[in-house]
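Okay, structure.pdb is below, PDB, C-alpha atoms, pLDDT in the B column:
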```
ATOM      1  CA  MET A 585     124.342 114.106 157.702  1.00 50.00           C
ATOM      2  CA  ARG A 586     122.341 112.189 160.280  1.00 51.00           C
ATOM      3  CA  SER A 587     124.438 113.817 162.999  1.00 53.00           C
ATOM      4  CA  ILE A 588     123.747 117.283 161.601  1.00 48.00           C
ATOM      5  CA  CYS A 589     119.989 116.615 161.477  1.00 50.00           C
ATOM      6  CA  ASN A 590     119.960 115.392 165.064  1.00 52.00           C
ATOM      7  CA  THR A 591     122.015 118.387 166.189  1.00 51.00           C
ATOM      8  CA  ILE A 592     119.543 120.813 164.627  1.00 49.00           C
ATOM      9  CA  VAL A 593     116.571 119.088 166.273  1.00 48.00           C
ATOM     10  CA  LEU A 594     118.369 119.017 169.618  1.00 50.00           C
ATOM     11  CA  ALA A 595     119.175 122.725 169.373  1.00 51.00           C
ATOM     12  CA  LEU A 596     115.540 123.520 168.684  1.00 49.00           C
ATOM     13  CA  LEU A 597     114.442 121.424 171.654  1.00 48.00           C
ATOM     14  CA  LEU A 598     116.884 123.157 173.967  1.00 51.00           C
ATOM     15  CA  SER A 599     115.851 126.615 172.782  1.00 51.00           C
ATOM     16  CA  ALA A 600     112.182 125.797 173.318  1.00 48.00           C
ATOM     17  CA  CYS A 601     112.787 124.386 176.788  1.00 49.00           C
ATOM     18  CA  ALA A 602     115.234 127.055 177.936  1.00 50.00           C
ATOM     19  CA  GLY A 603     114.773 127.978 181.576  1.00 51.00           C
ATOM     20  CA  ARG A 604     113.146 131.234 182.602  1.00 55.00           C
ATOM     21  CA  GLU A 605     114.966 133.956 184.432  1.00 64.00           C
ATOM     22  CA  PRO A 606     114.552 133.736 188.218  1.00 67.00           C
ATOM     23  CA  LEU A 607     111.892 135.910 189.863  1.00 66.00           C
ATOM     24  CA  GLN A 608     113.103 139.279 191.122  1.00 71.00           C
ATOM     25  CA  SER A 609     111.437 141.603 193.646  1.00 74.00           C
ATOM     26  CA  THR A 610     109.820 144.733 192.174  1.00 75.00           C
ATOM     27  CA  THR A 611     107.667 147.553 193.483  1.00 78.00           C
ATOM     28  CA  ARG A 612     104.614 145.317 192.914  1.00 69.00           C
ATOM     29  CA  LEU A 613     106.077 141.958 193.878  1.00 72.00           C
ATOM     30  CA  THR A 614     108.080 140.737 196.898  1.00 78.00           C
ATOM     31  CA  VAL A 615     110.013 137.530 196.253  1.00 75.00           C
ATOM     32  CA  VAL A 616     110.568 135.445 199.404  1.00 72.00           C
ATOM     33  CA  GLN A 617     113.397 132.908 199.543  1.00 68.00           C
ATOM     34  CA  ASN A 618     112.600 129.277 200.365  1.00 64.00           C
ATOM     35  CA  GLU A 619     114.367 129.340 203.709  1.00 63.00           C
ATOM     36  CA  THR A 620     112.252 132.306 204.827  1.00 66.00           C
ATOM     37  CA  GLY A 621     108.869 131.017 203.714  1.00 70.00           C
ATOM     38  CA  LEU A 622     105.772 132.964 202.770  1.00 75.00           C
ATOM     39  CA  PRO A 623     104.010 134.696 205.686  1.00 76.00           C
ATOM     40  CA  ALA A 624     100.422 133.707 206.485  1.00 77.00           C
ATOM     41  CA  PRO A 625      97.701 136.017 205.110  1.00 75.00           C
ATOM     42  CA  ASP A 626      95.730 138.119 207.573  1.00 77.00           C
ATOM     43  CA  ARG A 627      91.949 138.395 207.746  1.00 77.00           C
ATOM     44  CA  LYS A 628      91.567 141.234 205.238  1.00 74.00           C
ATOM     45  CA  ASP A 629      93.603 139.255 202.701  1.00 69.00           C
ATOM     46  CA  LEU A 630      91.088 136.400 202.935  1.00 66.00           C
ATOM     47  CA  THR A 631      87.978 138.539 202.573  1.00 64.00           C
ATOM     48  CA  ALA A 632      88.259 140.353 199.266  1.00 58.00           C
ATOM     49  CA  ALA A 633      85.320 142.609 198.486  1.00 62.00           C
ATOM     50  CA  ASP A 634      82.674 140.945 196.344  1.00 65.00           C
ATOM     51  CA  ARG A 635      81.476 142.417 193.095  1.00 71.00           C
ATOM     52  CA  PRO A 636      77.669 142.662 192.869  1.00 76.00           C
ATOM     53  CA  SER A 637      75.951 140.018 190.746  1.00 83.00           C
ATOM     54  CA  LEU A 638      73.248 141.442 188.512  1.00 89.00           C
ATOM     55  CA  ILE A 639      70.021 139.625 187.696  1.00 93.00           C
ATOM     56  CA  GLY A 640      69.351 138.873 184.045  1.00 92.00           C
ATOM     57  CA  PRO A 641      66.731 137.172 181.862  1.00 92.00           C
ATOM     58  CA  LEU A 642      66.065 133.476 182.589  1.00 92.00           C
ATOM     59  CA  ASP A 643      67.953 133.549 185.913  1.00 94.00           C
ATOM     60  CA  THR A 644      66.359 131.500 188.692  1.00 95.00           C
ATOM     61  CA  LEU A 645      65.587 133.328 191.941  1.00 96.00           C
ATOM     62  CA  GLN A 646      64.547 132.262 195.427  1.00 97.00           C
ATOM     63  CA  ILE A 647      62.311 134.930 196.960  1.00 97.00           C
ATOM     64  CA  ASP A 648      61.328 134.701 200.634  1.00 96.00           C
ATOM     65  CA  VAL A 649      58.912 137.037 202.410  1.00 94.00           C
ATOM     66  CA  PHE A 650      59.298 136.687 206.178  1.00 93.00           C
ATOM     67  CA  ASN A 651      56.140 135.359 207.860  1.00 90.00           C
ATOM     68  CA  VAL A 652      54.254 135.282 204.541  1.00 90.00           C
ATOM     69  CA  PRO A 653      54.916 131.789 203.158  1.00 92.00           C
ATOM     70  CA  GLU A 654      52.237 132.271 200.492  1.00 92.00           C
ATOM     71  CA  LEU A 655      54.484 134.810 198.785  1.00 92.00           C
ATOM     72  CA  SER A 656      57.746 132.898 199.191  1.00 95.00           C
ATOM     73  CA  ARG A 657      58.687 130.980 196.087  1.00 95.00           C
ATOM     74  CA  GLU A 658      61.284 130.013 193.516  1.00 96.00           C
ATOM     75  CA  MET A 659      60.802 131.645 190.143  1.00 95.00           C
ATOM     76  CA  GLN A 660      62.509 132.306 186.867  1.00 96.00           C
ATOM     77  CA  VAL A 661      63.018 135.744 185.390  1.00 96.00           C
ATOM     78  CA  ASP A 662      61.205 135.902 182.061  1.00 95.00           C
ATOM     79  CA  ALA A 663      62.894 136.644 178.742  1.00 92.00           C
ATOM     80  CA  SER A 664      62.135 140.356 179.077  1.00 94.00           C
ATOM     81  CA  GLY A 665      63.845 140.528 182.478  1.00 94.00           C
ATOM     82  CA  ARG A 666      60.720 140.728 184.654  1.00 96.00           C
ATOM     83  CA  ILE A 667      59.083 138.677 187.395  1.00 96.00           C
ATOM     84  CA  SER A 668      55.446 138.467 188.478  1.00 95.00           C
ATOM     85  CA  MET A 669      54.289 137.877 192.066  1.00 93.00           C
ATOM     86  CA  PRO A 670      50.907 137.913 193.834  1.00 91.00           C
ATOM     87  CA  LEU A 671      50.174 141.331 195.418  1.00 89.00           C
ATOM     88  CA  VAL A 672      53.329 142.686 193.795  1.00 90.00           C
ATOM     89  CA  GLY A 673      52.416 142.294 190.146  1.00 91.00           C
ATOM     90  CA  THR A 674      55.035 142.588 187.439  1.00 95.00           C
ATOM     91  CA  ILE A 675      58.326 144.114 188.452  1.00 95.00           C
ATOM     92  CA  GLU A 676      61.566 144.760 186.564  1.00 96.00           C
ATOM     93  CA  ALA A 677      64.378 142.475 187.786  1.00 96.00           C
ATOM     94  CA  ARG A 678      66.948 142.780 185.007  1.00 94.00           C
ATOM     95  CA  GLY A 679      69.998 144.811 185.948  1.00 92.00           C
ATOM     96  CA  LYS A 680      69.210 144.784 189.669  1.00 95.00           C
ATOM     97  CA  THR A 681      71.201 143.123 192.418  1.00 93.00           C
ATOM     98  CA  ALA A 682      69.425 140.671 194.714  1.00 94.00           C
ATOM     99  CA  GLY A 683      69.298 143.355 197.415  1.00 95.00           C
ATOM    100  CA  GLU A 684      67.865 145.981 195.057  1.00 96.00           C
ATOM    101  CA  LEU A 685      65.126 143.618 193.896  1.00 97.00           C
ATOM    102  CA  ALA A 686      64.288 142.765 197.526  1.00 96.00           C
ATOM    103  CA  ASP A 687      63.969 146.491 198.280  1.00 96.00           C
ATOM    104  CA  ALA A 688      61.675 146.971 195.279  1.00 95.00           C
ATOM    105  CA  ILE A 689      59.403 144.115 196.390  1.00 95.00           C
ATOM    106  CA  GLU A 690      59.325 145.449 199.955  1.00 94.00           C
ATOM    107  CA  GLY A 691      58.377 148.904 198.659  1.00 93.00           C
ATOM    108  CA  THR A 692      55.425 147.486 196.749  1.00 91.00           C
ATOM    109  CA  LEU A 693      54.174 145.407 199.693  1.00 92.00           C
ATOM    110  CA  ARG A 694      54.722 147.995 202.440  1.00 89.00           C
ATOM    111  CA  GLY A 695      51.633 149.681 203.780  1.00 73.00           C
ATOM    112  CA  ARG A 696      49.102 148.193 201.394  1.00 77.00           C
ATOM    113  CA  TYR A 697      49.491 144.477 202.052  1.00 79.00           C
ATOM    114  CA  VAL A 698      52.228 143.811 204.639  1.00 85.00           C
ATOM    115  CA  ARG A 699      52.919 146.202 207.504  1.00 85.00           C
ATOM    116  CA  GLN A 700      56.685 145.740 207.715  1.00 89.00           C
ATOM    117  CA  PRO A 701      57.734 143.347 204.943  1.00 92.00           C
ATOM    118  CA  GLU A 702      61.110 141.644 205.109  1.00 94.00           C
ATOM    119  CA  VAL A 703      62.151 140.211 201.755  1.00 96.00           C
ATOM    120  CA  THR A 704      65.279 138.298 200.819  1.00 96.00           C
ATOM    121  CA  VAL A 705      66.248 137.415 197.264  1.00 97.00           C
ATOM    122  CA  ASN A 706      68.901 134.865 196.311  1.00 95.00           C
ATOM    123  CA  ILE A 707      70.129 134.081 192.803  1.00 92.00           C
ATOM    124  CA  LYS A 708      69.996 130.280 192.673  1.00 91.00           C
ATOM    125  CA  SER A 709      71.323 129.945 189.153  1.00 88.00           C
ATOM    126  CA  SER A 710      72.317 132.401 186.468  1.00 87.00           C
ATOM    127  CA  VAL A 711      72.457 131.999 182.708  1.00 86.00           C
ATOM    128  CA  SER A 712      73.011 135.700 182.051  1.00 84.00           C
ATOM    129  CA  GLN A 713      76.230 136.180 184.050  1.00 86.00           C
ATOM    130  CA  VAL A 714      78.649 134.347 181.765  1.00 90.00           C
ATOM    131  CA  VAL A 715      82.005 134.900 180.092  1.00 94.00           C
ATOM    132  CA  THR A 716      82.918 133.578 176.647  1.00 95.00           C
ATOM    133  CA  ILE A 717      86.337 131.899 176.525  1.00 96.00           C
ATOM    134  CA  ASP A 718      87.601 131.223 173.008  1.00 95.00           C
ATOM    135  CA  GLY A 719      90.811 130.494 171.149  1.00 94.00           C
ATOM    136  CA  GLN A 720      93.620 128.254 172.328  1.00 94.00           C
ATOM    137  CA  VAL A 721      92.193 126.805 175.543  1.00 95.00           C
ATOM    138  CA  ILE A 722      91.387 123.156 176.222  1.00 95.00           C
ATOM    139  CA  GLU A 723      87.599 123.613 176.419  1.00 95.00           C
ATOM    140  CA  PRO A 724      86.302 126.837 174.819  1.00 95.00           C
ATOM    141  CA  GLY A 725      82.772 127.829 175.757  1.00 94.00           C
ATOM    142  CA  LEU A 726      80.511 129.861 178.028  1.00 92.00           C
ATOM    143  CA  TYR A 727      81.338 129.845 181.749  1.00 93.00           C
ATOM    144  CA  PRO A 728      79.510 131.406 184.718  1.00 89.00           C
ATOM    145  CA  VAL A 729      81.072 134.515 186.189  1.00 88.00           C
ATOM    146  CA  THR A 730      81.570 134.431 189.952  1.00 78.00           C
ATOM    147  CA  ASP A 731      82.134 137.486 192.146  1.00 75.00           C
ATOM    148  CA  GLN A 732      85.893 136.881 192.225  1.00 83.00           C
ATOM    149  CA  MET A 733      86.433 135.817 188.602  1.00 90.00           C
ATOM    150  CA  THR A 734      89.793 136.843 187.137  1.00 93.00           C
ATOM    151  CA  LEU A 735      91.560 136.109 183.860  1.00 95.00           C
ATOM    152  CA  LEU A 736      93.629 133.225 185.282  1.00 96.00           C
ATOM    153  CA  ARG A 737      90.567 131.728 186.958  1.00 95.00           C
ATOM    154  CA  ALA A 738      88.567 132.042 183.753  1.00 96.00           C
ATOM    155  CA  ILE A 739      91.265 130.192 181.785  1.00 96.00           C
ATOM    156  CA  ALA A 740      91.422 127.540 184.517  1.00 95.00           C
ATOM    157  CA  SER A 741      87.644 127.091 184.129  1.00 94.00           C
ATOM    158  CA  ALA A 742      88.307 126.260 180.462  1.00 95.00           C
ATOM    159  CA  LYS A 743      90.813 123.565 181.593  1.00 95.00           C
ATOM    160  CA  GLY A 744      93.836 125.725 180.872  1.00 95.00           C
ATOM    161  CA  LEU A 745      95.819 126.769 177.816  1.00 94.00           C
ATOM    162  CA  SER A 746      96.147 124.427 174.858  1.00 92.00           C
ATOM    163  CA  GLU A 747      99.400 123.223 173.310  1.00 89.00           C
ATOM    164  CA  PHE A 748      99.536 126.069 170.782  1.00 89.00           C
ATOM    165  CA  ALA A 749      98.457 128.936 173.054  1.00 92.00           C
ATOM    166  CA  ARG A 750     100.374 132.183 172.736  1.00 91.00           C
ATOM    167  CA  GLN A 751     100.614 133.357 176.336  1.00 91.00           C
ATOM    168  CA  GLU A 752     101.574 136.939 175.473  1.00 90.00           C
ATOM    169  CA  ASP A 753      98.570 137.352 173.167  1.00 91.00           C
ATOM    170  CA  VAL A 754      95.449 137.094 175.327  1.00 93.00           C
ATOM    171  CA  VAL A 755      92.678 139.597 174.647  1.00 92.00           C
ATOM    172  CA  ILE A 756      89.715 140.580 176.826  1.00 93.00           C
ATOM    173  CA  LEU A 757      86.884 142.155 174.817  1.00 93.00           C
ATOM    174  CA  ARG A 758      84.414 144.287 176.800  1.00 93.00           C
ATOM    175  CA  THR A 759      81.659 146.823 176.193  1.00 89.00           C
ATOM    176  CA  VAL A 760      81.870 149.930 178.414  1.00 88.00           C
ATOM    177  CA  ASP A 761      79.158 152.611 178.082  1.00 86.00           C
ATOM    178  CA  GLY A 762      78.234 151.198 174.692  1.00 85.00           C
ATOM    179  CA  ARG A 763      81.826 151.354 173.440  1.00 87.00           C
ATOM    180  CA  LYS A 764      83.712 148.226 172.391  1.00 89.00           C
ATOM    181  CA  MET A 765      87.063 147.940 174.148  1.00 91.00           C
ATOM    182  CA  ALA A 766      89.921 145.424 174.139  1.00 91.00           C
ATOM    183  CA  GLY A 767      92.754 144.770 176.564  1.00 92.00           C
ATOM    184  CA  LEU A 768      95.884 142.782 175.695  1.00 91.00           C
ATOM    185  CA  TYR A 769      97.409 140.631 178.463  1.00 92.00           C
ATOM    186  CA  ASN A 770     100.396 138.358 178.966  1.00 93.00           C
ATOM    187  CA  ILE A 771      99.518 135.233 180.981  1.00 93.00           C
ATOM    188  CA  ASP A 772     103.132 134.413 181.803  1.00 91.00           C
ATOM    189  CA  ALA A 773     103.725 137.944 183.122  1.00 90.00           C
ATOM    190  CA  ILE A 774     100.644 137.703 185.347  1.00 91.00           C
ATOM    191  CA  ARG A 775     101.780 134.339 186.695  1.00 90.00           C
ATOM    192  CA  ARG A 776     105.150 135.834 187.526  1.00 87.00           C
ATOM    193  CA  GLY A 777     103.571 138.755 189.391  1.00 85.00           C
ATOM    194  CA  ALA A 778     104.553 141.459 186.899  1.00 85.00           C
ATOM    195  CA  TYR A 779     101.042 142.926 187.180  1.00 86.00           C
ATOM    196  CA  ASP A 780      97.682 142.076 188.738  1.00 89.00           C
ATOM    197  CA  ASP A 781      95.408 139.346 187.451  1.00 92.00           C
ATOM    198  CA  PRO A 782      92.622 141.416 185.784  1.00 91.00           C
ATOM    199  CA  ALA A 783      88.996 141.024 186.846  1.00 91.00           C
ATOM    200  CA  ILE A 784      86.518 139.357 184.490  1.00 92.00           C
ATOM    201  CA  TYR A 785      82.923 140.574 184.240  1.00 90.00           C
ATOM    202  CA  ALA A 786      79.729 139.188 182.731  1.00 87.00           C
ATOM    203  CA  ASN A 787      79.572 139.403 178.924  1.00 89.00           C
ATOM    204  CA  ASP A 788      83.370 139.641 178.595  1.00 93.00           C
ATOM    205  CA  VAL A 789      84.968 137.673 175.775  1.00 94.00           C
ATOM    206  CA  VAL A 790      88.416 136.167 176.403  1.00 96.00           C
ATOM    207  CA  VAL A 791      90.383 135.134 173.317  1.00 95.00           C
ATOM    208  CA  VAL A 792      93.682 133.257 173.664  1.00 95.00           C
ATOM    209  CA  GLY A 793      95.929 133.716 170.635  1.00 92.00           C
ATOM    210  CA  ASP A 794      97.516 131.009 168.504  1.00 89.00           C
ATOM    211  CA  SER A 795     101.279 130.479 168.219  1.00 76.00           C
ATOM    212  CA  PRO A 796     102.356 129.564 164.658  1.00 68.00           C
ATOM    213  CA  GLN A 797     105.910 129.059 165.953  1.00 66.00           C
ATOM    214  CA  ARG A 798     104.766 126.281 168.279  1.00 59.00           C
ATOM    215  CA  ARG A 799     102.921 124.599 165.424  1.00 58.00           C
ATOM    216  CA  ARG A 800     105.962 124.759 163.141  1.00 64.00           C
ATOM    217  CA  PHE A 801     108.194 123.432 165.920  1.00 58.00           C
ATOM    218  CA  ARG A 802     105.820 120.508 166.528  1.00 60.00           C
ATOM    219  CA  ASP A 803     105.724 119.743 162.820  1.00 57.00           C
ATOM    220  CA  LEU A 804     109.513 119.899 162.562  1.00 61.00           C
ATOM    221  CA  VAL A 805     110.000 117.541 165.500  1.00 59.00           C
ATOM    222  CA  SER A 806     107.462 115.094 164.082  1.00 63.00           C
ATOM    223  CA  LEU A 807     109.203 115.190 160.671  1.00 57.00           C
ATOM    224  CA  ALA A 808     112.731 114.757 162.067  1.00 54.00           C
ATOM    225  CA  PRO A 809     112.659 110.913 162.050  1.00 59.00           C
ATOM    226  CA  LEU A 810     111.357 110.933 158.464  1.00 53.00           C
ATOM    227  CA  LEU A 811     114.084 113.329 157.353  1.00 51.00           C
ATOM    228  CA  ALA A 812     116.762 111.233 159.049  1.00 52.00           C
ATOM    229  CA  ALA A 813     115.593 107.907 157.540  1.00 53.00           C
ATOM    230  CA  PRO A 814     116.905 108.532 153.946  1.00 54.00           C
ATOM    231  CA  LEU A 815     120.214 109.724 155.374  1.00 46.00           C
ATOM    232  CA  ILE A 816     120.549 106.549 157.402  1.00 49.00           C
ATOM    233  CA  ALA A 817     119.834 104.445 154.301  1.00 51.00           C
ATOM    234  CA  VAL A 818     122.525 106.314 152.323  1.00 48.00           C
ATOM    235  CA  VAL A 819     125.115 105.832 155.078  1.00 48.00           C
ATOM    236  CA  ASN A 820     124.308 102.133 155.386  1.00 49.00           C
TER     237      ASN A 820
END
```

Let me see whether you can do it: turn the structure in this file into C-alpha cells.
Amino acid sequence: MRSICNTIVLALLLSACAGREPLQSTTRLTVVQNETGLPAPDRKDLTAADRPSLIGPLDTLQIDVFNVPELSREMQVDASGRISMPLVGTIEARGKTAGELADAIEGTLRGRYVRQPEVTVNIKSSVSQVVTIDGQVIEPGLYPVTDQMTLLRAIASAKGLSEFARQEDVVILRTVDGRKMAGLYNIDAIRRGAYDDPAIYANDVVVVGDSPQRRRFRDLVSLAPLLAAPLIAVVN
C-alpha cells in the first residue's frame, strides 16, 4: 500500500514537472540554434518609439522659462488638474503632454509679457499614471506606468507570478472611449514568442488568475506523508 501511495505521488510530480515542447520557428518568431547565436540588434531595435505621458492631478512638474528665472519653478498639479503661475494665471494641465503644456504656457506669455518665450516642462513624478496589478502576483498593488510598459514588465514590477498563478488566465481591463473592455492573455505563450507582449497604459487593471489545480496538487503532496504513515504502521 505504501508503494502504491508513493507511486501515485511520484506520477503527479512527474506530470506537473513535465518538460515543455521545444521552441519552433513561426511566421512571428525565428528560433536560432545555440551554435549560431543571436545577432546583435541594430539602432532602430534599441530606440523604440515612446508613448506620450499625460499629466494628471497631483503630478509634480518642473517648469522652466528660459531667461526668466522668476517664472521657473517646481509645482504640483492641483486635484482638479490645473496649475497656477504668475503672469500665466490658471491653466488646464490634465490630459496634456509635457510638450502641449509648454506650448500653452508659451502662448499665454507670448507678446504680452515675454517677447519670444521658451518653456520646457518635465514630469518629475506622477501619481496619476499607474496600473493596478491584482490577483496571483507576489506583490499586488499600484505601479507607475513608464513609456515602454508591457504586460511582462508590469508583472515583473509586482515581483512576478505567485505559486498558484494560472499563466493562461491573465486579464487586462481597460476603458476605451468610455467602454469597458477586457483582453485575455497567456503569459507562457508570450514568453515563448507566440505573440507580442501587449502594451500597458495608465489606468489599466491587470488580474492574474488563480489555479485551483495547483492548490490541490500542493495539498495532496503535503498530505502524502500523513496518508503513508498509517500504512507504514500496519505493515510494521

What would the selection look like, as a PDB file with C-alpha atoms, in the frame of the given file, if the PyMOL selection byres ((chain A and resi 689-701) around 12) were run on the coordinates I just shared?
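Output contents, as saved in result37.pdb:
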```pdb
ATOM      1  CA  ILE A 647      62.311 134.930 196.960  1.00 97.00           C
ATOM      2  CA  ASP A 648      61.328 134.701 200.634  1.00 96.00           C
ATOM      3  CA  VAL A 649      58.912 137.037 202.410  1.00 94.00           C
ATOM      4  CA  PHE A 650      59.298 136.687 206.178  1.00 93.00           C
ATOM      5  CA  ASN A 651      56.140 135.359 207.860  1.00 90.00           C
ATOM      6  CA  VAL A 652      54.254 135.282 204.541  1.00 90.00           C
ATOM      7  CA  LEU A 655      54.484 134.810 198.785  1.00 92.00           C
ATOM      8  CA  SER A 656      57.746 132.898 199.191  1.00 95.00           C
ATOM      9  CA  ILE A 667      59.083 138.677 187.395  1.00 96.00           C
ATOM     10  CA  SER A 668      55.446 138.467 188.478  1.00 95.00           C
ATOM     11  CA  MET A 669      54.289 137.877 192.066  1.00 93.00           C
ATOM     12  CA  PRO A 670      50.907 137.913 193.834  1.00 91.00           C
ATOM     13  CA  LEU A 671      50.174 141.331 195.418  1.00 89.00           C
ATOM     14  CA  VAL A 672      53.329 142.686 193.795  1.00 90.00           C
ATOM     15  CA  GLY A 673      52.416 142.294 190.146  1.00 91.00           C
ATOM     16  CA  THR A 674      55.035 142.588 187.439  1.00 95.00           C
ATOM     17  CA  ILE A 675      58.326 144.114 188.452  1.00 95.00           C
ATOM     18  CA  GLU A 676      61.566 144.760 186.564  1.00 96.00           C
ATOM     19  CA  ALA A 677      64.378 142.475 187.786  1.00 96.00           C
ATOM     20  CA  LYS A 680      69.210 144.784 189.669  1.00 95.00           C
ATOM     21  CA  ALA A 682      69.425 140.671 194.714  1.00 94.00           C
ATOM     22  CA  GLY A 683      69.298 143.355 197.415  1.00 95.00           C
ATOM     23  CA  GLU A 684      67.865 145.981 195.057  1.00 96.00           C
ATOM     24  CA  LEU A 685      65.126 143.618 193.896  1.00 97.00           C
ATOM     25  CA  ALA A 686      64.288 142.765 197.526  1.00 96.00           C
ATOM     26  CA  ASP A 687      63.969 146.491 198.280  1.00 96.00           C
ATOM     27  CA  ALA A 688      61.675 146.971 195.279  1.00 95.00           C
ATOM     28  CA  GLU A 702      61.110 141.644 205.109  1.00 94.00           C
ATOM     29  CA  VAL A 703      62.151 140.211 201.755  1.00 96.00           C
ATOM     30  CA  THR A 704      65.279 138.298 200.819  1.00 96.00           C
ATOM     31  CA  VAL A 705      66.248 137.415 197.264  1.00 97.00           C
TER      32      VAL A 705
END
```

Ground truth for the PyMOL selection byres ((chain A and resi 791) around 10), written as a PyMOL selection string: chain A and resi 716-721+724+739+753-757+768+788-790+792-794

Using all atoms listed in the file: which of A:Arg635, A:Lys708, A:Ile722, A:Met765 has the shortest distance to Lys743 (chain A):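 Comparing A:Arg635, A:Lys708, A:Ile722, A:Met765 against Lys743 (chain A), the winner is A:Ile722.
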
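Candidate residues A:Asn787, A:Ser712, A:Ser746, A:Gln751 were compared for distance to Lys764 (chain A), and the nearest is A:Asn787, using only C-alpha atoms.
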
Result set of the PyMOL selection byres ((chain A and resi 645) around 7) on the coordinates above, as a list in words: Asp643, Thr644, Gln646, Ile647, Glu658, Met659, Gln660, Val705, Asn706, Ile707 and Lys708 of chain A

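For the atom pair formed by CA of Met733 (chain A) and CA of Pro782 (chain A), the distance is 8.8 Å, given to one decimal.
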
Residue contacts of region 769-774 of chain A (6 Å, all atoms listed in the file) excluding same-chain residues fewer than 3 positions away, as JSON, numbers by chain: {"A": [751, 752, 754, 777, 778, 779, 781]}

Å distance separating CA of Val661 (chain A) from CA of Gly679 (chain A), one decimal place: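 For CA of Val661 (chain A) relative to CA of Gly679 (chain A), the distance reads 11.5 Å.
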
Option closest in space to Leu735 (chain A), from A:Glu723, A:Asp761, A:Ile784, A:Arg776 [counting all atoms listed in the file]: A:Ile784

Distance in Å - CA of Arg750 (chain A) versus CA of Ser795 (chain A):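 Pair CA of Arg750 (chain A) / CA of Ser795 (chain A) returns 4.9 Å.
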